[in-house]
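> If it helps, the file is called input_11.tsv and holds TSV, C-alpha atoms:
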chain	number	residue	atom	x	y	z
A	542	MET	CA	88.18	20.12	68.62
A	543	LEU	CA	90.54	23.06	68.23
A	544	TRP	CA	92.40	24.75	71.07
A	545	SER	CA	90.71	28.02	70.05
A	546	ASP	CA	87.36	26.35	70.83
A	547	VAL	CA	88.69	25.34	74.25
A	548	LEU	CA	89.77	28.93	74.92
A	549	ILE	CA	86.36	30.29	73.87
A	550	HIS	CA	84.62	27.72	76.08
A	551	PHE	CA	86.91	28.62	78.99
A	552	ALA	CA	86.00	32.30	78.55
A	553	LEU	CA	82.32	31.37	78.49
A	554	VAL	CA	82.73	29.33	81.71
A	555	ILE	CA	84.31	32.35	83.43
A	556	ILE	CA	81.52	34.70	82.26
A	557	LEU	CA	78.86	32.16	83.28
A	558	THR	CA	80.46	31.76	86.71
A	559	TRP	CA	80.40	35.54	87.16
A	560	MET	CA	76.73	35.63	86.12
A	561	GLY	CA	75.96	32.61	88.34
A	562	ILE	CA	77.42	34.37	91.39
A	563	GLN	CA	75.30	37.47	90.64
A	564	ASP	CA	72.20	35.29	90.19
A	565	ARG	CA	72.78	33.39	93.42
A	566	ARG	CA	73.30	36.59	95.42
A	567	THR	CA	70.55	38.80	93.99
A	568	ARG	CA	68.40	36.58	91.72
A	569	GLU	CA	69.18	39.10	88.98
A	570	VAL	CA	71.93	39.25	86.35
A	571	SER	CA	73.29	42.42	84.76
A	572	ASN	CA	72.22	43.11	81.18
A	573	VAL	CA	75.82	44.19	80.47
A	574	LEU	CA	76.71	40.49	80.62
A	575	THR	CA	73.58	38.81	79.26
A	576	ILE	CA	72.75	40.99	76.22
A	577	PRO	CA	76.21	40.58	74.54
A	578	MET	CA	75.91	36.82	75.12
A	579	LEU	CA	72.48	36.79	73.48
A	580	ALA	CA	73.78	38.87	70.55
A	581	GLY	CA	76.84	36.64	70.13
A	582	GLY	CA	74.69	33.50	70.10
A	583	VAL	CA	72.26	34.95	67.55
A	584	VAL	CA	75.10	36.10	65.24
A	585	VAL	CA	76.87	32.72	65.36
A	586	MET	CA	73.60	30.86	64.79
A	587	THR	CA	72.73	33.05	61.81
A	588	ILE	CA	76.16	32.39	60.26
A	589	GLN	CA	75.74	28.64	60.83
A	590	LEU	CA	72.26	28.73	59.30
A	591	ILE	CA	73.57	30.54	56.20
A	592	ALA	CA	76.29	27.85	56.02
A	593	ARG	CA	73.49	25.22	56.16
A	594	ASP	CA	74.73	23.59	59.34
A	595	PRO	CA	72.07	21.05	60.53
A	596	SER	CA	73.01	21.57	64.21
A	597	ALA	CA	72.01	25.26	63.89
A	598	VAL	CA	68.52	24.18	62.79
A	599	ALA	CA	68.20	21.95	65.88
A	600	SER	CA	69.37	24.84	68.09
A	601	ILE	CA	66.86	27.22	66.47
A	602	LEU	CA	63.99	24.80	67.11
A	603	ILE	CA	65.00	24.48	70.78
A	604	ILE	CA	65.32	28.26	71.05
A	605	ALA	CA	61.81	28.64	69.62
A	606	VAL	CA	60.49	26.42	72.44
A	607	LEU	CA	62.52	28.35	75.05
A	608	THR	CA	61.33	31.69	73.68
A	609	PHE	CA	57.70	30.59	73.84
A	610	ALA	CA	58.23	29.45	77.44
A	611	ALA	CA	60.04	32.67	78.41
A	612	LEU	CA	57.31	34.86	76.88
A	613	ARG	CA	54.78	32.97	79.02
A	614	GLY	CA	56.85	33.75	82.14
A	615	TRP	CA	58.18	30.24	82.68
A	616	MET	CA	61.71	31.55	83.15
A	617	GLY	CA	63.43	34.86	83.82
A	618	GLY	CA	64.63	37.07	80.99
A	619	ALA	CA	68.27	36.58	82.03
A	620	ASP	CA	67.85	32.77	81.89
A	621	TRP	CA	66.42	33.00	78.38
A	622	LYS	CA	69.19	35.29	77.13
A	623	VAL	CA	71.93	33.07	78.56
A	624	LEU	CA	70.38	29.89	77.14
A	625	VAL	CA	69.93	31.42	73.66
A	626	GLY	CA	73.54	32.66	73.77
A	627	LEU	CA	74.80	29.24	74.87
A	628	PHE	CA	72.86	27.35	72.17
A	629	GLY	CA	74.47	29.66	69.60
A	630	LEU	CA	78.00	29.76	70.97
A	631	TRP	CA	78.34	26.35	72.64
A	632	PRO	CA	75.33	24.06	71.98
A	633	LEU	CA	76.67	21.17	74.09
A	634	ALA	CA	76.79	23.41	77.16
A	635	GLY	CA	73.32	24.70	76.25
A	636	PHE	CA	71.96	21.14	76.37
A	637	ALA	CA	73.86	20.42	79.60
A	638	SER	CA	72.51	23.62	81.20
A	639	LEU	CA	68.94	22.86	80.21
A	640	ALA	CA	69.24	19.27	81.48
A	641	GLY	CA	70.96	20.50	84.66
A	642	ALA	CA	68.15	22.98	85.32
A	643	GLY	CA	65.58	20.20	84.83
A	644	LEU	CA	67.42	17.88	87.23
A	645	PHE	CA	67.91	20.66	89.77
A	646	GLY	CA	64.25	21.61	89.43
A	647	ALA	CA	63.16	18.00	90.01
A	648	GLY	CA	65.46	17.76	93.03
A	649	ALA	CA	64.17	21.07	94.42
A	650	ILE	CA	60.56	19.88	94.05
A	651	LEU	CA	61.35	16.66	95.92
A	652	TRP	CA	63.33	18.52	98.60
A	653	THR	CA	60.80	21.29	99.29
A	654	ARG	CA	57.60	19.44	98.23
A	655	ASP	CA	56.63	22.63	96.39
A	656	ARG	CA	56.02	22.41	92.63
A	657	HIS	CA	56.50	26.15	92.17
A	658	VAL	CA	59.84	26.40	93.99
A	659	SER	CA	62.15	28.92	92.31
A	660	PHE	CA	65.92	28.62	92.01
A	661	PRO	CA	68.82	30.65	90.55
A	662	ALA	CA	69.00	28.94	87.16
A	663	ILE	CA	72.10	30.70	85.86
A	664	TYR	CA	74.05	29.36	88.83
A	665	VAL	CA	72.97	25.87	87.69
A	666	PHE	CA	73.91	26.72	84.06
A	667	ALA	CA	77.38	27.77	85.26
A	668	VAL	CA	77.90	24.48	87.10
A	669	ALA	CA	76.63	22.46	84.10
A	670	SER	CA	78.91	24.38	81.72
A	671	LEU	CA	81.89	23.91	84.03
A	672	LEU	CA	81.25	20.14	84.08
A	673	THR	CA	80.91	20.13	80.26
A	674	PHE	CA	84.19	22.04	79.95
A	675	SER	CA	85.93	19.62	82.34
A	676	ALA	CA	84.69	16.68	80.27
A	677	GLU	CA	85.91	18.32	77.03
A	678	VAL	CA	89.36	19.04	78.45
A	679	SER	CA	89.70	15.54	79.90
A	680	ILE	CA	88.72	14.00	76.52
A	681	ILE	CA	91.36	16.15	74.77
A	682	ALA	CA	93.98	15.36	77.41
A	683	PHE	CA	93.45	11.59	77.27
A	684	SER	CA	92.96	11.20	73.50
B	832	MET	CA	49.41	42.20	67.46
B	833	PHE	CA	52.90	43.08	66.17
B	834	ASN	CA	53.14	45.87	68.73
B	835	SER	CA	52.30	43.59	71.66
B	836	VAL	CA	54.80	40.94	70.48
B	837	PHE	CA	57.47	43.65	70.11
B	838	LYS	CA	56.70	44.93	73.63
B	839	ALA	CA	56.86	41.39	75.07
B	840	PHE	CA	60.26	40.79	73.42
B	841	LYS	CA	61.57	44.17	74.60
B	842	LYS	CA	60.46	43.35	78.15
B	843	LEU	CA	62.11	39.92	77.93
B	844	ILE	CA	65.39	41.30	76.59
B	845	LEU	CA	65.58	44.03	79.24
B	846	SER	CA	64.53	41.75	82.11
B	847	LYS	CA	67.30	40.94	84.60
B	848	ARG	CA	65.35	38.24	86.44
B	849	GLY	CA	67.30	35.00	86.85
B	850	ASP	CA	64.66	32.81	88.49
B	851	ASP	CA	63.54	29.48	87.12
B	852	TYR	CA	60.71	27.33	88.51
B	853	GLY	CA	61.05	23.65	89.43
B	854	GLU	CA	58.01	22.24	87.66
B	855	LYS	CA	58.47	24.37	84.55
B	856	ALA	CA	62.18	23.52	84.26
B	857	VAL	CA	61.30	19.82	84.33
B	858	ILE	CA	58.54	20.25	81.70
B	859	LEU	CA	60.90	22.25	79.45
B	860	VAL	CA	63.57	19.55	79.59
B	861	LEU	CA	61.01	16.86	78.74
B	862	VAL	CA	59.61	18.92	75.84
B	863	VAL	CA	63.12	19.59	74.48
B	864	LEU	CA	64.12	15.92	74.84
B	865	ALA	CA	60.96	14.87	72.97
B	866	GLY	CA	61.76	17.50	70.32
B	867	VAL	CA	65.35	16.29	69.97
B	868	GLY	CA	64.06	12.72	69.60
B	869	ALA	CA	61.61	13.81	66.91
B	870	PHE	CA	64.35	15.81	65.20
B	871	ALA	CA	66.61	12.75	65.20
B	872	MET	CA	63.83	10.80	63.44
B	873	PHE	CA	62.55	13.42	60.99
B	874	GLY	CA	65.41	15.95	61.10
B	875	GLY	CA	66.48	15.61	57.48
B	876	LYS	CA	63.18	16.89	56.15
B	877	VAL	CA	63.04	19.77	58.68
B	878	VAL	CA	66.60	20.86	57.85
B	879	GLU	CA	65.76	20.76	54.15
B	880	LEU	CA	62.66	22.93	54.66
B	881	ILE	CA	64.36	25.50	56.89
B	882	THR	CA	67.51	25.84	54.78
B	883	SER	CA	65.44	26.23	51.61
B	884	ALA	CA	63.35	28.89	53.39
B	885	ALA	CA	66.55	30.63	54.60
B	886	SER	CA	68.08	30.64	51.12
B	887	GLY	CA	64.78	32.00	49.79
B	888	ILE	CA	65.02	34.96	52.20
Could you quickly redo this structure as structure tokens?

Amino acid sequence: MLWSDVLIHFALVIILTWMGIQDRRTREVSNVLTIPMLAGGVVVMTIQLIARDPSAVASILIIAVLTFAALRGWMGGADWKVLVGLFGLWPLAGFASLAGAGLFGAGAILWTRDRHVSFPAIYVFAVASLLTFSAEVSIIAFS
Amino acid sequence: MFNSVFKAFKKLILSKRGDDYGEKAVILVLVVLAGVGAFAMFGGKVVELITSAASGI
């Protein structure tokens, strides 16, 4: 992994933290932050697809599932935009965020005994991305 | 049909809502994990199909 990748991931962690704080406070996230992230992810994924990168195909298939779910109202628009952006710009953090949301959702169901409990997902994405970033940096530092 | 899909996408892109639901988040993770597993098994063929379609476009 290049140091430029680390810098990009660090910038993404900061933006996600900012969005996570907004989400936790108001349960809404500004489009000024989410739409550029969506656009960036789509552009990067398109470039990777043209370059015939197999990981881009996997990301596109996951995004198709997420888009179907979002159109059916399973998640907020901001969650969908952030996840699509993450799968384009930093797929590992995208996977970690999705898994983190699933784990948090399972924990919230057990805690509240309510299957339909809602939670600020972007806050969870920010924590998952921060953990992913910490793991990346520690691997670089100790390798 | 196209108009309603366009409207749904426009609504989704402009939506600021950041809520996720417990049960649905769990189902999504399971679906994606199953999809990743299937992709790991049959991924080569899927990649071949999609990249050939993309180069066709």
> At most 7 Å is the cut-off: for each residue in chain A with any atom that close to an atom of chain B, write down the nearest atom pair and the distance in Å rounded to one decimal, counting only C-alpha atoms, chain first then increasing number, as a tab-separated table.

residue	atom	partner	partner_atom	distance
A:Asp564	CA	B:Gly849	CA	5.9
A:Arg568	CA	B:Gly849	CA	5.2
A:Glu569	CA	B:Arg848	CA	4.7
A:Val570	CA	B:Lys847	CA	5.2
A:Ser571	CA	B:Lys847	CA	6.2
A:Asn572	CA	B:Lys847	CA	6.4
A:Arg593	CA	B:Thr882	CA	6.2
A:Pro595	CA	B:Val878	CA	6.1
A:Val598	CA	B:Val878	CA	6.3
A:Ile603	CA	B:Val863	CA	6.4
A:Leu612	CA	B:Ala839	CA	6.8
A:Trp615	CA	B:Lys855	CA	6.2
A:Met616	CA	B:Asp851	CA	4.8
A:Gly617	CA	B:Arg848	CA	4.7
A:Gly618	CA	B:Ser846	CA	4.8
A:Ala619	CA	B:Lys847	CA	5.2
A:Asp620	CA	B:Gly849	CA	5.5
A:Leu639	CA	B:Val860	CA	6.3
A:Ala640	CA	B:Val860	CA	6.0
A:Ala642	CA	B:Ala856	CA	6.1
A:Gly643	CA	B:Val857	CA	4.3
A:Gly646	CA	B:Gly853	CA	3.8
A:Ala647	CA	B:Gly853	CA	6.1
A:Ala649	CA	B:Gly853	CA	6.4
A:Ile650	CA	B:Gly853	CA	6.0
A:Arg656	CA	B:Glu854	CA	5.4
A:His657	CA	B:Tyr852	CA	5.7
A:Val658	CA	B:Gly853	CA	5.5
A:Ser659	CA	B:Tyr852	CA	4.4
A:Phe660	CA	B:Asp851	CA	5.5
A:Pro661	CA	B:Asp850	CA	5.1
A:Ala662	CA	B:Asp851	CA	5.5
A:Ile663	CA	B:Gly849	CA	6.5
> Between A:Leu602, A:Leu624, A:Ile591, A:Trp631, which is the closest to Ala869 (chain B) once you count only C-alpha atoms?
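Closest residue, counting only C-alpha atoms: A:Leu602.
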> Show me, as an NGL selection string, the residues that have an atom within 12 Å of Ile555 (chain A) when counting only C-alpha atoms, minus same-chain residues fewer than 2 positions from it.
:A and (548-553 or 557-562 or 574 or 664 or 666-668 or 670-671 or 674)
> What is the CA of Ala605 (chain A)-CA of Gln563 (chain A) distance in Å, reported with one decimal?
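Going from CA of Ala605 (chain A) over to CA of Gln563 (chain A), I get 26.5 Å.
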> For a test of reading the model, state the distance in Å between CA of Asp594 (chain A) and CA of Lys876 (chain B), rounded to one decimal.
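Separation between CA of Asp594 (chain A) and CA of Lys876 (chain B): 13.7 Å.
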> Between A:Leu651, A:Val547, A:Ala597, A:Met578, which residue has the minimum interatomic distance to Glu677 (chain A), considering all atoms listed in the file?
A:Val547
> How far is it from CA of Ser596 (chain A) to CA of Met872 (chain B), in Å with one decimal?
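Rounded to one decimal, the two atoms are 14.2 Å apart.
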> Show me, as JSON, numbers by chain, the residues that have an atom within 8 Å of region 586-588 of chain A when counting only C-alpha atoms, minus same-chain residues fewer than 5 positions from it.
{"A": [597, 601, 629, 630]}
> With all atoms listed in the file as the counted atoms, please give the residues lying no more than 7 Å from Leu579 (chain A), apart from itself and same-chain residues fewer than 3 positions off, as a list in words.
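So the residues in contact are Thr575, Ile576, Gly582, Val583, Lys622, Val623, Val625 and Gly626 of chain A.
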